[in-house]
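> I'd like to ask you about the structure that follows.
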Amino acid sequence: MAEKRRIELMVCTGTGCFAGGAFQIIEELNKELESFGLKDEVSLVATGCNGFCGQGPLMVVLPDNIFYGWLEKKDVHYLVEEHFLKGRPVKRLMFMPPDEKEPFPLLSDIPFFKKQLLVVLRNKGIIDPEKIEDYIARDGYLAIEKVVASMSPKDVREEILKSGLRGRGGAGFLTGKKWEIASQQIKTPKYFIANCDEGDPGAYMDRSVLESDPHSVIEGMCIAGYAIGSNEGFIYVRTEYPLAIKRMGIAIKQAEEYGLLGRNILGSDFDFTIEIREGSGAFVCGEETSLIHSIEGNIPEPRQRPPFPAQTGLWGCPTVINNVETLANVPVIITRGADWFSKIGTETSKGTKIFSLVGKINNTGLIEVPMGITLKEVVYEIGGGIPKGKKFKAVQTGGPSGGCIPSSMLDSPIDYESLQKAGSMMGSGGMIVMDEDTCVVDVSKFFIQFTNEESCGKCTSCRDGSEALLEVLTRISDGEGREGDIDFLTELGESIKDASMCGLGQTLPNPVLSTLRYFKDEYEAHIKEKKCPALVCRNLIQYYIDPNKCVGCLLCIKSCPTEAITGESKFIHIINQENCHKCGQCLEVCPPKISAIIKVTGSDMENLVQLSEIISCKEWKKNHEYS
Amino acid sequence: MPKLTIDELQKMRETTRKGIYLREGNFRGKVIVHMGTCGIAAGAREIMNAFLDESDQRKLTDIMFTTSGCAGLCSEEPIATIEMKGSPPVKYRKLTSEKVKKIFNEHIMAGNVVKEFVLGIGSERVG
């Protein structure tokens with residue numbers, strides 16, 4: 001067939017856009033392109049995650065580089081006719097930031113993309129992850145070619161060590177060093193494991209790497225196997241990532257067919273195989289010794305280290321476990337050189353890091369930024385700031401193991417050391433932004449609830465310690481906090497850190513300790529004044545209808561699921577506090593121009609005017625006109 | 001599927017790279033066929049096909065083909081604008097497949113504007 005393609009539509013089919021209906025959009029696009037006779041000229045590519053998940057379903061039109069977001073099936077006909085046939089890009093489907101008047105047509109102009117630096121995600125949105133040819137065209141498998149043709153395992157290890165690449169799973173151990181330790185072990189066989197057991201709430205970096213560029217991980221694993229003398233690799237993925245597993249499976253099969261996996265890779269004497277192992281989503285399996293137990297078919301509980309897995313790992317053999325993102329860095333370092341890589345980032349943290357930017361932020365999505373970028377740049381420039389003009393409160397990094405970083409520290413750079421100094425950690429890259437409506441006690445409670453459920457139960461400190469933390473936090477948020485609770489939380493938190501064996505326990509108090517460090521006054525307000533300053537903790541707040549504003553429209557009455565609101569048309573409505581479950585539904589439905597319903601907490605609750613009898617809005621106004 | 005050797009992998013990289021050139025964005029020129037209602041009625045579709053055929057015959061990967069709306073001078077349609085890197089855009093008027101052949105050979109391939117078909121050179125003034 002003649003090659004007449006002049007436009008390529010890169011439609012994102014990451015999990016986010018998939019859930020948003022990307023495949024229905026593709027189907028519709030195919031239909032419309034067909035009916036306009038553009039099938040030969042315009043081709044469709046289903047890519048992995050584009051990153052700008054908040055705009056999904058989305059696509060990028062190449063070569064013009066035009067970005068369309070929030071696509072709906074009904075837009076497709078118009079879009080195909082206007083843009084692809086007549087060449088008039090459709091403005092209303094382009095990205096429109098909240099404070100701007102004109103949309104951004106070009107992907108490269110959108111601030112969300114502008115500040116990013118793509119190393120790991122170099123192929124995102126550009127290749128079809130289910131086609132090995134696309135990966136090869138983008139210098140894929142060039143690194144393994146270079147390795148088997150001209151480098152010794154030692155050369156490879158030294159190159160990775162020299163690059164300064166550190167583990168992207170959380171702890172930040174030097175990757176080259178880990179490989180070195182494993183290569184020194186005499187015992188064989190040696191195993192290699194790629195860790196894609198991503199469990200942090202709100203984090204999906206590793207999933208996206210597998211979904212958008214699985215071959216980069218395969219190539220990274222191959223190189224790692226060569227460097228440490230291993231011929232057998234496993235990739236440990238959560239079962240909850242069906243799309244990642246499917247694409248990884250396809251990629252492995254393709255690589256095997258081409259002889260890029262298996263025996264005598266590229267005609268050399270190096271053999272390497274990869275097997276997928278599915279985990280069933282226990283958070284503790286992300287911890288390397290638990291993960292090993294899980295692959296072996298045993299109960300996933302961690303064990304004491306040392307000996308480290310690099311010495312005694314899977315089935316008692318030397319085993320290296322690297323995170324998926326770490327591995328996707330490896331081929332680029334080999335192709336472009338350690339010197340190139342180490343120029344990116346800071347003194348101790350080299351390269352880039354992927355973060356999933358979620359929470360109270362305008363531009364939700366997956367971003368890759370150079371190490372050393374400040375939190376402020378991430379939140380305000382890439383993230384586009386906080387929605388609805390609310391105030392920034394804190395950013396939570398590192399998931400349940402990390403901590404909250406307050407606005408006073410927004411200027412600090414993102415690197416392993418700075419985040420640790422701030423009482424948080426790099427973690428695997430979750431970044432949850434919180435605004436003024438977020439209560440820190442509530443957030444701590446959420447994370448401790450999570451770790452408490454996920455604790456494997458082996459260590460008392462973690463199992464019972466998290467239980468005790470949760471009990472106290474629940475009490476505080478219920479308004480039953482006592483004098484001495486803060487000291488207790490601090491002391492217990494420190495003890496759990498000291499006494500737990502694995503990373504889960506050692507880091508679980510971090511959300512509590514870091515919020516105590518920066519937001520102690522909020523804890524105190526809960527305990528002493530029985531007040532939740534962010535108006536979140538249900539037992540400490542009240543919904544109240546301001547009689548000066550209520551117009552008696554009945555909307556709140558109709559929406560209340562517990563029938564707690566009384567009133568008639570044009571009569572001031574009253575919330576009966578005893579029946580109110582504080583679901584907030586009334587506040588949602590009260591029209592913005594009326595805004596009669598407010599939330600109050602603490603001593604403010606006592607100063608409210610309580611109506612003793614039903615009164616019409618008119619009469620109330622008359623009585624209060626001059627007051 | 002045969003197992004690849006290093007040479008074969010390199011060869012494959014060369015061929016596959018051609019398949020994704022639209023995504024890499026290294027273009028030395030751009031052809032814009034004006035496809036307003038007037039352009040389409042005057043036969044802009046054939047003109048686009050003719051351009052694409054010419055490019056395909058030469059296996060070019062460095063010319064971008066795109067469409068645009070009415071150029072404003074409907075009586076002169078089909079119109080195409082050719083923008084080669086470093087030169088001002090050139091608009092050609094009343095195109096036919098034959099004219100496209102000549103323009104492709106002389107302007108796009110050799111860099112010489114085909115004066116006899118030109119409507120205008122340069123951009124319009126934007127106030």
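Residue numbering restarts at 1 for every chain of the structure tokens, chains are lettered A, B, ... in their displayed order, and ligands are numbered from 1 as they appear.
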For chain A, list the residues within 7 Å of chain B, counting only C-alpha atoms, and write the list as a PyMOL selection string.
chain A and resi 2-4+6+8+62-63+85-88+126+133-134+136-138+145+257-259+266-267
> Give me, as number ranges by chain, all polymer residues having an atom no more than 9 Å from Asp269 of chain A, counting only C-alpha atoms and skipping those fewer than 5 positions away in the same chain.
A: 148, 263-264
> Could you please determine the separation between atom CA of Thr352 of chain A and atom CA of Gly170 of chain A in Å, to one decimal place?
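Interatomic distance, atom CA of Thr352 of chain A to atom CA of Gly170 of chain A: 13.9 Å.
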> May I have the residues within 6 Å of segment 199-204 of chain A as a list in words, using only C-alpha atoms and disregarding those fewer than 6 positions away in the same chain?
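Final neighbour list, sorted by chain and number: Phe283, Ser356, Gly399 and Gly430 of chain A.
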> Please dump the current selection as a compact mmCIF listing (two decimals), in the first residue's frame; keep N, CA and C atoms.

# COMPACT_ATOMS: atom_id res chain seq x y z
N PHE A 283 0.48 -4.60 50.23
CA PHE A 283 1.42 -3.49 50.25
C PHE A 283 2.82 -3.95 50.65
N SER A 356 3.61 11.09 40.45
CA SER A 356 2.20 11.20 40.08
C SER A 356 1.63 12.32 40.92
N GLY A 399 4.09 8.69 49.84
CA GLY A 399 2.97 7.81 50.22
C GLY A 399 2.89 7.60 51.72
N GLY A 430 4.86 9.23 44.74
CA GLY A 430 3.52 9.78 44.90
C GLY A 430 3.63 11.21 45.40
> Please indicate the distance in Å from atom CA of Glu180 of chain A to atom CA of Tyr236 of chain A, rounded to one decimal place.
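Distance between the two atoms: 22.3 Å.
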> Tell me, as a ChimeraX atom specification, which residues lie within 9 Å of segment 79-91 of chain B, counting only C-alpha atoms; anything in the same chain fewer than 2 positions away does not count.
/B:27-35,39,44,47-48,63,67,70-71,73-74,76-77,93-95,107-108,111,113,117-123
> Would you output that residue set with C-alpha atoms, as a PDB file, in the first residue's frame?

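To be explicit, this is the file written out as selection_7.pdb:
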ATOM      1  CA  PHE B  27      10.895  18.674   8.580  1.00  0.00           C
ATOM      2  CA  ARG B  28      12.555  20.896   6.024  1.00  0.00           C
ATOM      3  CA  GLY B  29       9.317  22.031   4.504  1.00  0.00           C
ATOM      4  CA  LYS B  30       5.580  22.171   4.787  1.00  0.00           C
ATOM      5  CA  VAL B  31       2.882  21.941   2.131  1.00  0.00           C
ATOM      6  CA  ILE B  32      -0.479  23.422   3.069  1.00  0.00           C
ATOM      7  CA  VAL B  33      -3.393  22.599   0.800  1.00  0.00           C
ATOM      8  CA  HIS B  34      -6.236  25.032   1.404  1.00  0.00           C
ATOM      9  CA  MET B  35      -9.372  23.059   1.981  1.00  0.00           C
ATOM     10  CA  GLY B  39     -11.054  24.664  -2.172  1.00  0.00           C
ATOM     11  CA  ALA B  44      -8.317  20.435  -3.501  1.00  0.00           C
ATOM     12  CA  ILE B  47      -4.242  18.295  -5.275  1.00  0.00           C
ATOM     13  CA  MET B  48      -3.552  16.819  -1.867  1.00  0.00           C
ATOM     14  CA  ILE B  63       8.057  17.262   4.145  1.00  0.00           C
ATOM     15  CA  THR B  67      -4.538  21.303   5.252  1.00  0.00           C
ATOM     16  CA  CYS B  70      -9.953  29.077   2.820  1.00  0.00           C
ATOM     17  CA  ALA B  71      -7.081  31.334   1.814  1.00  0.00           C
ATOM     18  CA  LEU B  73      -9.217  34.205  -2.722  1.00  0.00           C
ATOM     19  CA  CYS B  74     -11.798  31.640  -3.628  1.00  0.00           C
ATOM     20  CA  GLU B  76      -8.062  31.199  -7.465  1.00  0.00           C
ATOM     21  CA  GLU B  77      -8.627  27.823  -5.776  1.00  0.00           C
ATOM     22  CA  ARG B  93      -2.925  29.308  -7.583  1.00  0.00           C
ATOM     23  CA  LYS B  94      -5.328  27.292  -9.731  1.00  0.00           C
ATOM     24  CA  LEU B  95      -3.473  24.070  -9.243  1.00  0.00           C
ATOM     25  CA  HIS B 107      10.396  24.082  -5.759  1.00  0.00           C
ATOM     26  CA  ILE B 108      10.386  21.347  -3.153  1.00  0.00           C
ATOM     27  CA  GLY B 111      14.444  25.062  -4.212  1.00  0.00           C
ATOM     28  CA  VAL B 113      10.016  28.863  -7.044  1.00  0.00           C
ATOM     29  CA  PHE B 117       1.990  29.512 -11.058  1.00  0.00           C
ATOM     30  CA  VAL B 118       2.626  31.828  -8.136  1.00  0.00           C
ATOM     31  CA  LEU B 119      -0.183  33.775  -6.549  1.00  0.00           C
ATOM     32  CA  GLY B 120       2.011  35.557  -4.037  1.00  0.00           C
ATOM     33  CA  ILE B 121       5.114  35.284  -1.909  1.00  0.00           C
ATOM     34  CA  GLY B 122       5.311  36.089   1.797  1.00  0.00           C
ATOM     35  CA  SER B 123       2.644  36.325   4.446  1.00  0.00           C
TER      36      SER B 123
END
> Given the choices A:Asn576, A:Ser108, A:Thr13, A:Ser500, which gets closest to Ser212 of chain A if the distance is worked out from only C-alpha atoms?
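Looking at the shortest contact to Ser212 of chain A, the residue is A:Thr13.
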> Write down as a VMD selection string the residues of segment 49-89 of chain B whose backbone DSSP state falls under strand (DSSP E).
chain B and resid 63 to 68 80 to 84
> Let me see the file: selected residues, C-alpha atoms, as a compact mmCIF listing (two decimals), in the first residue's frame.

# COMPACT_ATOMS: atom_id res chain seq x y z
CA ILE B 63 8.06 17.26 4.14
CA MET B 64 4.94 17.85 6.21
CA PHE B 65 1.55 17.83 4.49
CA THR B 66 -1.26 19.64 6.09
CA THR B 67 -4.54 21.30 5.25
CA SER B 68 -5.90 24.68 6.13
CA ALA B 80 -1.52 25.51 -1.84
CA THR B 81 1.11 27.23 0.27
CA ILE B 82 4.63 25.89 0.32
CA GLU B 83 6.87 26.83 3.21
CA MET B 84 10.45 25.65 2.89
> Would you mind listing what lies within 12 Å of Val378 of chain A as a PDB file with N, CA and C atoms, in the first residue's frame, with only C-alpha atoms counted and same-chain residues fewer than 2 positions away left out?

ATOM      1  N   PRO A 111       2.178  24.613  29.918  1.00  0.00           N
ATOM      2  CA  PRO A 111       3.141  24.632  31.021  1.00  0.00           C
ATOM      3  C   PRO A 111       3.346  23.267  31.667  1.00  0.00           C
ATOM      4  N   PHE A 112       2.281  22.466  31.672  1.00  0.00           N
ATOM      5  CA  PHE A 112       2.384  21.135  32.272  1.00  0.00           C
ATOM      6  C   PHE A 112       3.512  20.329  31.626  1.00  0.00           C
ATOM      7  N   PHE A 113       3.683  20.458  30.320  1.00  0.00           N
ATOM      8  CA  PHE A 113       4.705  19.671  29.617  1.00  0.00           C
ATOM      9  C   PHE A 113       6.043  20.400  29.542  1.00  0.00           C
ATOM     10  N   LYS A 114       5.959  21.722  29.544  1.00  0.00           N
ATOM     11  CA  LYS A 114       7.141  22.545  29.271  1.00  0.00           C
ATOM     12  C   LYS A 114       8.303  22.300  30.230  1.00  0.00           C
ATOM     13  N   LYS A 115       7.976  22.177  31.512  1.00  0.00           N
ATOM     14  CA  LYS A 115       9.040  22.088  32.525  1.00  0.00           C
ATOM     15  C   LYS A 115       9.529  20.668  32.743  1.00  0.00           C
ATOM     16  N   GLN A 116       8.939  19.732  32.029  1.00  0.00           N
ATOM     17  CA  GLN A 116       9.335  18.347  32.262  1.00  0.00           C
ATOM     18  C   GLN A 116      10.574  17.991  31.456  1.00  0.00           C
ATOM     19  N   LYS A 353      13.101  12.187  37.980  1.00  0.00           N
ATOM     20  CA  LYS A 353      12.198  11.358  38.779  1.00  0.00           C
ATOM     21  C   LYS A 353      10.772  11.547  38.273  1.00  0.00           C
ATOM     22  N   ILE A 354      10.045  10.449  38.233  1.00  0.00           N
ATOM     23  CA  ILE A 354       8.637  10.530  37.849  1.00  0.00           C
ATOM     24  C   ILE A 354       7.798  10.709  39.111  1.00  0.00           C
ATOM     25  N   PHE A 355       6.836  11.592  39.049  1.00  0.00           N
ATOM     26  CA  PHE A 355       5.898  11.750  40.160  1.00  0.00           C
ATOM     27  C   PHE A 355       4.479  11.647  39.632  1.00  0.00           C
ATOM     28  N   SER A 356       3.606  11.089  40.447  1.00  0.00           N
ATOM     29  CA  SER A 356       2.198  11.196  40.075  1.00  0.00           C
ATOM     30  C   SER A 356       1.631  12.322  40.918  1.00  0.00           C
ATOM     31  N   LEU A 357       1.241  13.353  40.232  1.00  0.00           N
ATOM     32  CA  LEU A 357       0.799  14.585  40.866  1.00  0.00           C
ATOM     33  C   LEU A 357      -0.715  14.521  41.008  1.00  0.00           C
ATOM     34  N   VAL A 358      -1.172  14.349  42.240  1.00  0.00           N
ATOM     35  CA  VAL A 358      -2.611  14.176  42.450  1.00  0.00           C
ATOM     36  C   VAL A 358      -3.082  15.025  43.626  1.00  0.00           C
ATOM     37  N   ILE A 361      -5.025  19.758  42.983  1.00  0.00           N
ATOM     38  CA  ILE A 361      -4.139  20.414  42.025  1.00  0.00           C
ATOM     39  C   ILE A 361      -4.850  20.506  40.682  1.00  0.00           C
ATOM     40  N   ASN A 362      -4.608  21.616  39.982  1.00  0.00           N
ATOM     41  CA  ASN A 362      -5.309  21.811  38.711  1.00  0.00           C
ATOM     42  C   ASN A 362      -4.939  20.781  37.655  1.00  0.00           C
ATOM     43  N   ASN A 363      -3.640  20.559  37.465  1.00  0.00           N
ATOM     44  CA  ASN A 363      -3.210  19.621  36.428  1.00  0.00           C
ATOM     45  C   ASN A 363      -2.820  18.282  37.043  1.00  0.00           C
ATOM     46  N   THR A 364      -3.766  17.398  37.148  1.00  0.00           N
ATOM     47  CA  THR A 364      -3.470  16.067  37.677  1.00  0.00           C
ATOM     48  C   THR A 364      -2.756  15.270  36.604  1.00  0.00           C
ATOM     49  N   GLY A 365      -1.737  14.547  36.985  1.00  0.00           N
ATOM     50  CA  GLY A 365      -1.096  13.709  35.978  1.00  0.00           C
ATOM     51  C   GLY A 365       0.243  13.157  36.408  1.00  0.00           C
ATOM     52  N   LEU A 366       0.907  12.578  35.429  1.00  0.00           N
ATOM     53  CA  LEU A 366       2.181  11.933  35.662  1.00  0.00           C
ATOM     54  C   LEU A 366       3.275  12.814  35.078  1.00  0.00           C
ATOM     55  N   ILE A 367       4.257  13.166  35.886  1.00  0.00           N
ATOM     56  CA  ILE A 367       5.270  14.090  35.393  1.00  0.00           C
ATOM     57  C   ILE A 367       6.669  13.519  35.605  1.00  0.00           C
ATOM     58  N   GLU A 368       7.580  13.897  34.736  1.00  0.00           N
ATOM     59  CA  GLU A 368       8.981  13.519  34.938  1.00  0.00           C
ATOM     60  C   GLU A 368       9.793  14.798  34.973  1.00  0.00           C
ATOM     61  N   VAL A 369      10.492  15.009  36.059  1.00  0.00           N
ATOM     62  CA  VAL A 369      11.226  16.258  36.238  1.00  0.00           C
ATOM     63  C   VAL A 369      12.672  15.977  36.629  1.00  0.00           C
ATOM     64  N   PRO A 370      13.581  16.906  36.306  1.00  0.00           N
ATOM     65  CA  PRO A 370      14.957  16.697  36.747  1.00  0.00           C
ATOM     66  C   PRO A 370      15.041  16.815  38.261  1.00  0.00           C
ATOM     67  N   MET A 371      15.877  16.017  38.889  1.00  0.00           N
ATOM     68  CA  MET A 371      16.108  16.126  40.328  1.00  0.00           C
ATOM     69  C   MET A 371      16.594  17.542  40.611  1.00  0.00           C
ATOM     70  N   GLY A 372      16.196  18.077  41.746  1.00  0.00           N
ATOM     71  CA  GLY A 372      16.658  19.416  42.100  1.00  0.00           C
ATOM     72  C   GLY A 372      15.647  20.497  41.777  1.00  0.00           C
ATOM     73  N   ILE A 373      14.635  20.161  41.013  1.00  0.00           N
ATOM     74  CA  ILE A 373      13.561  21.117  40.744  1.00  0.00           C
ATOM     75  C   ILE A 373      12.873  21.398  42.082  1.00  0.00           C
ATOM     76  N   THR A 374      12.335  22.604  42.262  1.00  0.00           N
ATOM     77  CA  THR A 374      11.719  22.882  43.564  1.00  0.00           C
ATOM     78  C   THR A 374      10.262  22.422  43.575  1.00  0.00           C
ATOM     79  N   LEU A 375       9.777  22.199  44.803  1.00  0.00           N
ATOM     80  CA  LEU A 375       8.378  21.788  44.959  1.00  0.00           C
ATOM     81  C   LEU A 375       7.446  22.861  44.408  1.00  0.00           C
ATOM     82  N   LYS A 376       7.869  24.121  44.563  1.00  0.00           N
ATOM     83  CA  LYS A 376       7.048  25.224  44.082  1.00  0.00           C
ATOM     84  C   LYS A 376       6.850  25.129  42.564  1.00  0.00           C
ATOM     85  N   TYR A 380       3.119  24.823  41.267  1.00  0.00           N
ATOM     86  CA  TYR A 380       2.510  25.988  40.622  1.00  0.00           C
ATOM     87  C   TYR A 380       2.714  26.060  39.113  1.00  0.00           C
ATOM     88  N   GLU A 381       3.872  25.623  38.621  1.00  0.00           N
ATOM     89  CA  GLU A 381       4.092  25.752  37.176  1.00  0.00           C
ATOM     90  C   GLU A 381       3.594  24.518  36.425  1.00  0.00           C
ATOM     91  N   ILE A 382       4.071  23.350  36.824  1.00  0.00           N
ATOM     92  CA  ILE A 382       3.618  22.137  36.142  1.00  0.00           C
ATOM     93  C   ILE A 382       2.183  21.815  36.560  1.00  0.00           C
ATOM     94  N   GLY A 383       1.949  21.898  37.866  1.00  0.00           N
ATOM     95  CA  GLY A 383       0.639  21.530  38.393  1.00  0.00           C
ATOM     96  C   GLY A 383      -0.429  22.587  38.179  1.00  0.00           C
ATOM     97  N   GLY A 384      -0.006  23.799  37.839  1.00  0.00           N
ATOM     98  CA  GLY A 384      -0.995  24.850  37.570  1.00  0.00           C
ATOM     99  C   GLY A 384      -1.690  25.369  38.821  1.00  0.00           C
ATOM    100  N   GLY A 385      -1.126  25.102  40.006  1.00  0.00           N
ATOM    101  CA  GLY A 385      -1.683  25.661  41.240  1.00  0.00           C
ATOM    102  C   GLY A 385      -2.890  24.904  41.769  1.00  0.00           C
ATOM    103  N   ILE A 386      -3.515  25.514  42.754  1.00  0.00           N
ATOM    104  CA  ILE A 386      -4.609  24.867  43.484  1.00  0.00           C
ATOM    105  C   ILE A 386      -5.950  25.299  42.878  1.00  0.00           C
ATOM    106  N   VAL A 395       2.245  19.395  50.791  1.00  0.00           N
ATOM    107  CA  VAL A 395       2.318  18.345  49.787  1.00  0.00           C
ATOM    108  C   VAL A 395       2.864  17.101  50.473  1.00  0.00           C
ATOM    109  N   LEU A 410       8.312  25.110  50.423  1.00  0.00           N
ATOM    110  CA  LEU A 410       8.070  24.901  48.995  1.00  0.00           C
ATOM    111  C   LEU A 410       9.277  25.193  48.125  1.00  0.00           C
ATOM    112  N   ASP A 411      10.191  26.002  48.644  1.00  0.00           N
ATOM    113  CA  ASP A 411      11.354  26.349  47.832  1.00  0.00           C
ATOM    114  C   ASP A 411      12.438  25.291  47.877  1.00  0.00           C
ATOM    115  N   SER A 412      12.254  24.268  48.718  1.00  0.00           N
ATOM    116  CA  SER A 412      13.331  23.282  48.805  1.00  0.00           C
ATOM    117  C   SER A 412      13.338  22.394  47.568  1.00  0.00           C
ATOM    118  N   PRO A 413      14.544  22.019  47.142  1.00  0.00           N
ATOM    119  CA  PRO A 413      14.658  21.201  45.933  1.00  0.00           C
ATOM    120  C   PRO A 413      14.204  19.764  46.182  1.00  0.00           C
ATOM    121  N   ILE A 414      13.778  19.109  45.112  1.00  0.00           N
ATOM    122  CA  ILE A 414      13.386  17.712  45.231  1.00  0.00           C
ATOM    123  C   ILE A 414      14.611  16.838  44.987  1.00  0.00           C
ATOM    124  N   MET A 431       2.804  12.084  44.893  1.00  0.00           N
ATOM    125  CA  MET A 431       2.834  13.461  45.370  1.00  0.00           C
ATOM    126  C   MET A 431       1.394  13.939  45.494  1.00  0.00           C
ATOM    127  N   ILE A 432       0.942  14.040  46.732  1.00  0.00           N
ATOM    128  CA  ILE A 432      -0.455  14.410  46.955  1.00  0.00           C
ATOM    129  C   ILE A 432      -0.498  15.849  47.463  1.00  0.00           C
ATOM    130  N   VAL A 433      -1.171  16.702  46.711  1.00  0.00           N
ATOM    131  CA  VAL A 433      -1.232  18.109  47.088  1.00  0.00           C
ATOM    132  C   VAL A 433      -2.482  18.350  47.928  1.00  0.00           C
TER     133      VAL A 433
END
> If you run DSSP over the backbone, which residues in chain B end up alpha helix (DSSP H)? Put them as a PyMOL selection string.
chain B and resi 6-19+21-24+37-42+44-57+97-103
> Could you name the residues that touch segment 538-543 of chain A at 8 Å or less, counting only C-alpha atoms, but leaving out those on the same chain fewer than 2 positions away, as a list in words?
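The contact residues come out as Ser477, Asp478, Gly479, Lys530, Lys531, Cys532, Leu535, Val536, Ile545, Ile575, Gln577, Lys582, Gly584, Ile597, Ile598, Lys599, Val600, Thr601, Gly602 and Met605 of chain A.
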> Would you output that residue set with C-alpha atoms, as a PDB file, in the first residue's frame?

ATOM      1  CA  SER A 477     -10.638  13.593  65.274  1.00  0.00           C
ATOM      2  CA  ASP A 478     -13.763  12.516  67.131  1.00  0.00           C
ATOM      3  CA  GLY A 479     -13.263  15.372  69.556  1.00  0.00           C
ATOM      4  CA  LYS A 530     -12.478  20.649  70.090  1.00  0.00           C
ATOM      5  CA  LYS A 531     -12.107  22.489  66.851  1.00  0.00           C
ATOM      6  CA  CYS A 532     -11.169  21.269  63.357  1.00  0.00           C
ATOM      7  CA  LEU A 535     -13.696  21.904  58.870  1.00  0.00           C
ATOM      8  CA  VAL A 536     -13.289  18.236  58.027  1.00  0.00           C
ATOM      9  CA  ILE A 545     -28.201  27.722  57.620  1.00  0.00           C
ATOM     10  CA  ILE A 575     -31.069  21.944  60.319  1.00  0.00           C
ATOM     11  CA  GLN A 577     -28.473  18.795  64.454  1.00  0.00           C
ATOM     12  CA  LYS A 582     -22.929  15.763  58.170  1.00  0.00           C
ATOM     13  CA  GLY A 584     -22.514  17.932  53.209  1.00  0.00           C
ATOM     14  CA  ILE A 597     -25.195  27.030  54.312  1.00  0.00           C
ATOM     15  CA  ILE A 598     -21.882  27.150  56.136  1.00  0.00           C
ATOM     16  CA  LYS A 599     -19.745  24.803  58.160  1.00  0.00           C
ATOM     17  CA  VAL A 600     -18.710  25.912  61.630  1.00  0.00           C
ATOM     18  CA  THR A 601     -16.443  24.434  64.257  1.00  0.00           C
ATOM     19  CA  GLY A 602     -15.303  24.986  67.835  1.00  0.00           C
ATOM     20  CA  MET A 605     -20.858  26.849  67.001  1.00  0.00           C
TER      21      MET A 605
END
> Which residue is closest to Gly505 of chain A? Choose from A:Glu467, A:Asp415, A:Glu522, A:Glu619 and count only C-alpha atoms.
A:Glu467
> So that I can see what lies close to segment 56-58 of chain A, please list as a list of chain:residue names the residues with an atom at most 9 Å from it, counting only C-alpha atoms and leaving out residues fewer than 3 positions away in the same chain.
A:Met10, A:Val11, A:Cys12, A:Thr13, A:Gly16, A:Cys17, A:Phe18, A:Ala19, A:Gly20, A:Gly21, A:Ala22, A:Ile25, A:Asn50, A:Phe52, A:Cys53, A:Phe67, A:Tyr68, A:Gly69, A:Trp70, A:Leu71, A:Glu72
> Go ahead and write the residues just picked, N, CA and C atoms, as a short mmCIF file (atom, residue, chain, number, x, y, z; two decimals), in the first residue's frame.

data_model
loop_
_atom_site.label_atom_id
_atom_site.label_comp_id
_atom_site.auth_asym_id
_atom_site.auth_seq_id
_atom_site.Cartn_x
_atom_site.Cartn_y
_atom_site.Cartn_z
N MET A 10 -2.01 10.42 18.10
CA MET A 10 -1.50 9.64 19.21
C MET A 10 -2.54 9.67 20.32
N VAL A 11 -3.35 8.63 20.36
CA VAL A 11 -4.43 8.59 21.34
C VAL A 11 -3.94 7.86 22.58
N CYS A 12 -4.06 8.52 23.72
CA CYS A 12 -3.58 7.92 24.97
C CYS A 12 -4.50 6.77 25.37
N THR A 13 -3.90 5.60 25.64
CA THR A 13 -4.69 4.48 26.15
C THR A 13 -4.08 3.95 27.44
N GLY A 16 -5.85 5.52 32.88
CA GLY A 16 -6.74 6.66 33.14
C GLY A 16 -7.64 6.95 31.96
N CYS A 17 -7.04 7.10 30.78
CA CYS A 17 -7.82 7.43 29.58
C CYS A 17 -8.68 6.24 29.14
N PHE A 18 -8.16 5.05 29.37
CA PHE A 18 -8.91 3.83 29.07
C PHE A 18 -10.22 3.86 29.85
N ALA A 19 -10.11 4.19 31.14
CA ALA A 19 -11.30 4.26 31.98
C ALA A 19 -12.22 5.39 31.53
N GLY A 20 -11.62 6.43 30.96
CA GLY A 20 -12.41 7.57 30.50
C GLY A 20 -13.06 7.33 29.14
N GLY A 21 -12.80 6.19 28.53
CA GLY A 21 -13.46 5.86 27.27
C GLY A 21 -12.59 6.03 26.03
N ALA A 22 -11.27 5.92 26.19
CA ALA A 22 -10.37 6.13 25.05
C ALA A 22 -10.68 5.18 23.89
N ILE A 25 -13.48 6.34 21.80
CA ILE A 25 -13.04 7.46 20.97
C ILE A 25 -12.31 6.91 19.73
N ASN A 50 0.01 9.38 28.42
CA ASN A 50 0.57 10.64 27.97
C ASN A 50 1.06 11.46 29.15
N PHE A 52 -0.85 13.61 31.08
CA PHE A 52 -1.76 14.67 31.50
C PHE A 52 -3.14 14.06 31.78
N CYS A 53 -3.16 13.15 32.77
CA CYS A 53 -4.34 12.32 33.02
C CYS A 53 -5.59 13.14 33.32
N PHE A 67 -2.64 19.48 20.90
CA PHE A 67 -3.13 18.69 22.03
C PHE A 67 -4.64 18.87 22.20
N TYR A 68 -5.38 17.76 22.21
CA TYR A 68 -6.81 17.81 22.50
C TYR A 68 -7.12 17.01 23.75
N GLY A 69 -7.92 17.60 24.64
CA GLY A 69 -8.27 16.90 25.87
C GLY A 69 -9.77 16.79 26.06
N TRP A 70 -10.14 16.04 27.09
CA TRP A 70 -11.54 15.83 27.43
C TRP A 70 -12.40 15.50 26.22
N LEU A 71 -11.93 14.57 25.44
CA LEU A 71 -12.64 14.21 24.22
C LEU A 71 -13.91 13.45 24.54
N GLU A 72 -14.93 13.73 23.77
CA GLU A 72 -16.16 12.97 23.90
C GLU A 72 -16.52 12.43 22.52
#
